[in-house]
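K.L.:
So I've got this file, target21.txt, and it contains compact mmCIF, C-alpha atoms:
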# COMPACT_ATOMS: atom_id res chain seq x y z
CA PRO T 54 217.98 15.81 229.13
CA ILE T 55 216.14 13.35 226.92
CA PRO T 56 212.60 14.01 225.64
CA CYS T 57 209.59 12.15 226.91
CA VAL T 58 207.62 10.47 224.10
CA PRO T 59 204.50 8.26 224.21
CA TRP T 60 205.01 4.54 223.81
CA GLN T 61 204.30 3.03 220.38
CA SER T 62 201.30 1.01 221.55
CA GLN T 63 199.00 0.81 224.53
CA THR T 64 199.55 -2.32 226.56
CA SER T 65 197.51 -3.42 229.51
CA GLY T 66 195.08 -0.56 228.92
CA HIS T 67 197.39 2.28 229.97
CA GLN T 68 199.86 4.53 228.24
CA ARG T 69 203.53 4.67 229.14
CA ARG T 70 206.13 7.31 228.38
CA VAL T 71 209.63 6.42 227.27
CA HIS T 72 212.85 8.25 226.40
CA GLY T 73 213.04 9.67 222.89
CA ARG T 74 215.99 10.32 220.62
CA GLY T 75 215.89 14.11 220.81
CA PHE T 76 213.68 17.17 221.27
CA THR T 77 211.69 18.50 218.32
CA LEU T 78 212.28 21.95 216.89
CA ASP T 79 208.83 23.06 218.14
CA GLU T 80 209.67 22.00 221.70
CA LEU T 81 212.93 23.95 221.57
CA LYS T 82 211.11 26.98 220.19
CA ARG T 83 208.53 26.87 223.01
CA ALA T 84 211.34 26.69 225.56
CA GLY T 85 213.17 29.60 223.90
CA ILE T 86 216.28 27.65 222.91
CA ASN T 87 218.08 27.88 219.57
CA PRO T 88 218.72 24.38 218.03
CA LYS T 89 222.45 25.08 217.60
CA GLN T 90 222.69 26.39 221.14
CA ALA T 91 220.83 23.28 222.36
CA LEU T 92 223.51 21.01 220.93
CA SER T 93 226.23 23.05 222.62
CA ILE T 94 224.61 22.78 226.09
CA GLY T 95 223.91 19.04 225.98
CA ILE T 96 220.35 18.89 224.64
CA ALA T 97 219.66 16.23 222.01
CA VAL T 98 217.80 17.51 218.92
CA ASP T 99 215.83 15.28 216.54
CA HIS T 100 214.77 17.28 213.49
CA ARG T 101 212.77 14.33 212.06
CA ARG T 102 210.45 13.88 215.02
CA ARG T 103 207.04 15.62 214.94
CA ASN T 104 204.70 16.45 217.80
CA LYS T 105 201.40 14.64 217.28
CA CYS T 106 199.77 15.84 220.47
CA ASP T 107 199.90 19.09 222.39
CA GLU T 108 200.32 17.25 225.70
CA SER T 109 203.80 15.89 224.93
CA LEU T 110 204.81 19.23 223.40
CA LYS T 111 203.94 21.08 226.61
CA LEU T 112 205.55 18.40 228.81
CA ASN T 113 208.86 18.45 226.92
CA ALA T 114 208.93 22.26 226.73
CA LYS T 115 208.43 22.32 230.50
CA ARG T 116 211.28 19.82 230.95
CA LEU T 117 213.54 21.99 228.78
CA ARG T 118 212.70 25.16 230.72
CA GLU T 119 213.42 23.32 233.99
CA TYR T 120 216.75 22.08 232.62
CA LYS T 121 217.63 25.57 231.41
CA SER T 122 216.83 27.08 234.82
CA ARG T 123 219.17 24.61 236.57
CA LEU T 124 221.90 24.89 233.95
CA VAL T 125 225.11 26.69 234.89
CA ILE T 126 227.32 27.59 231.92
CA PHE T 127 230.96 28.11 232.78
CA PRO T 128 232.82 30.77 230.78
CA LEU T 129 235.49 29.63 228.33
CA LYS T 130 237.96 32.13 229.78
CA PRO T 131 237.42 32.26 233.54
CA THR T 132 240.04 34.99 233.89
CA SER T 133 238.19 37.46 231.65
CA SER T 134 236.63 40.43 233.42
CA LYS T 135 233.33 40.45 231.48
CA PRO T 136 231.22 37.28 231.16
CA LYS T 137 229.82 36.62 227.68
CA LYS T 138 226.12 36.60 226.91
CA GLY T 139 224.63 33.33 228.19
CA ASP T 140 227.41 32.61 230.70
CA SER T 141 226.50 32.24 234.34
CA SER T 142 227.53 34.86 236.86
CA ALA T 143 230.42 34.32 239.27
CA ASP T 144 227.98 33.85 242.18
CA ASP T 145 226.14 31.05 240.34
CA ILE T 146 229.41 29.30 239.53
CA LYS T 147 230.56 29.43 243.17
CA ALA T 148 227.17 28.15 244.37
CA VAL T 149 227.32 25.04 242.16
CA GLY T 150 229.85 23.14 244.23
CA ASP T 151 229.78 19.57 242.95
CA GLN T 152 228.37 18.65 239.57
CA ILE T 153 225.32 16.37 239.57
CA THR T 154 226.07 13.30 237.48
CA THR T 155 223.27 10.95 238.52
CA LYS T 156 220.72 9.80 235.95
CA GLY T 157 217.66 10.35 238.13
CA VAL T 158 217.71 14.14 237.84
CA PHE T 159 215.24 14.40 234.95
CA GLU T 160 213.40 11.11 235.24
CA ILE T 161 210.15 10.65 233.29
CA GLU T 162 207.08 10.59 235.48
CA GLN T 163 204.82 7.73 234.40
CA PRO T 164 201.07 8.40 234.40
CA ASN T 165 199.37 6.18 236.94
CA PRO T 166 195.71 5.80 236.02
CA ARG T 167 194.01 4.17 238.97
CA LEU T 168 190.98 2.04 238.24
CA ARG T 169 188.18 2.26 240.76
CA ALA T 170 186.44 -0.86 242.01
CA VAL T 171 182.76 -1.13 241.06
CA LYS T 172 180.07 -3.20 242.73
CA VAL T 173 178.86 -6.00 240.50
CA THR T 174 175.18 -5.61 239.66
CA PRO T 175 172.82 -8.32 238.42
CA GLU T 176 172.72 -6.65 234.97
CA MET T 177 176.48 -7.13 234.69
CA THR T 178 176.29 -10.85 235.39
CA GLU T 179 173.51 -11.52 232.86
CA GLY T 180 174.76 -13.12 229.66
CA SER T 181 178.29 -13.64 228.46
CA VAL T 182 180.38 -10.59 227.65
CA TYR T 183 182.50 -12.68 225.31
CA ARG T 184 179.39 -13.74 223.40
CA LYS T 185 178.20 -10.13 223.15
CA LEU T 186 181.57 -9.03 221.79
CA CYS T 187 181.58 -11.84 219.23
CA GLU T 188 178.09 -10.88 218.07
CA ALA T 189 179.02 -7.20 217.84
CA ARG T 190 182.11 -8.06 215.78
CA ALA T 191 180.06 -10.28 213.47
CA ASP T 192 177.39 -7.57 213.09
CA GLN T 193 180.02 -5.05 212.13
CA LYS T 194 181.60 -7.43 209.63
CA LEU T 195 178.46 -8.85 208.03
CA TRP T 196 175.99 -5.92 208.06
CA ARG T 197 176.27 -5.30 204.30
CA GLN T 198 175.68 -8.95 203.35
CA ARG T 199 172.64 -9.06 205.64
CA GLU T 200 171.22 -5.90 204.05
CA ILE T 201 171.65 -7.42 200.57
CA ARG T 202 169.88 -10.60 201.69
CA LYS T 203 166.97 -8.59 203.11
CA GLU T 204 166.64 -6.67 199.82
CA GLN T 205 166.72 -9.91 197.82
CA ALA T 206 164.08 -11.48 200.10
CA ALA T 207 161.82 -8.42 199.69
CA GLN T 208 162.19 -8.56 195.90
CA LYS T 209 161.40 -12.27 195.92
CA LYS T 210 158.22 -11.63 197.95
CA GLN T 211 157.09 -8.96 195.49
CA ARG T 212 157.60 -11.35 192.54
CA ARG T 213 155.48 -14.02 194.28
CA ARG T 214 152.68 -11.53 194.93
CA ARG T 215 152.70 -10.49 191.27
CA ARG T 216 152.50 -14.12 190.16
CA ASN T 217 149.63 -14.91 192.54
CA ARG T 218 147.62 -11.90 191.30
CA SER T 219 147.82 -12.89 187.67
Before we go any further, please render this structure as C-alpha cells.

P.N.:
Amino acid sequence: PIPCVPWQSQTSGHQRRVHGRGFTLDELKRAGINPKQALSIGIAVDHRRRNKCDESLKLNAKRLREYKSRLVIFPLKPTSSKPKKGDSSADDIKAVGDQITTKGVFEIEQPNPRLRAVKVTPEMTEGSVYRKLCEARADQKLWRQREIRKEQAAQKKQRRRRRNRS
C-alpha cells in the first residue's frame, strides 16, 4: 500500500489527499510493524517524511493495520512441517485462491465537504464584498502609517495651542 498524504496546497477551498512516497516510522510503529519487515512485505517506507497532523497519522496507521490483516505470507519452504513466526497457516493459504492484483484495493477516500445553500438576505446584498475586502487589506497594510500620522497631527495641534497661548 501507499500512504495517504495531504495535498501541498488547498485549491478550490477543499483539501485533497494524494499518494505519498512511503509510510513514516511513526505510522509503522502505530501499526505494530518493524521498518525492515515492512520492506519485506511490500510496504514502502520513507524515513524522511514527518507527520505534521495526527489525522493523517491515524489514517495511515489504520490503512497499514487493514493491509496487515488481509496479508497472507507464504512460507519459504512449503514442505516444512512447522511454519515460521509470521507465516500464514495452511488454512489461510488454501483460502486465498487467486491473488488480487488490481490497484483499487487500497484506494484513497477523498473528503467530500458539502457546502449548504443559504438564503440570501438583504444584509448580504448591501455593499460590495470586493470593496470590503480591499479596504480590509489596505487597513491591515497601512495601520502603522495611519497611527504615525495621527500622532503627528496631535503633536502639531499641541504646538499650535502653545503658540496661541503665548

K.L.:
Could you tell me how far CA of Arg118 (chain T) sits from CA of Asn104 (chain T), in Å to one decimal place?

P.N.:
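Between CA of Asn104 (chain T) and CA of Arg118 (chain T) the gap works out to 17.5 Å.
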
K.L.:
Take CA of Arg123 (chain T) and CA of Gly85 (chain T) and report the distance between them in Å, one decimal.

P.N.:
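So the two atoms, CA of Arg123 (chain T) and CA of Gly85 (chain T), lie 14.9 Å apart.
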
K.L.:
What does the distance from CA of Phe159 (chain T) to CA of Tyr120 (chain T) come to in Å, to one decimal?

P.N.:
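Computed distance, CA of Phe159 (chain T) to CA of Tyr120 (chain T), equals 8.2 Å.
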
K.L.:
In terms of the shortest atom-to-atom distance over all atoms listed in the file, which of T:Leu112, T:Leu81, T:Cys187, T:Val125 is closest to Cys57 (chain T)?

P.N.:
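Nearest candidate to Cys57 (chain T) out of T:Leu112, T:Leu81, T:Cys187, T:Val125: T:Leu112.
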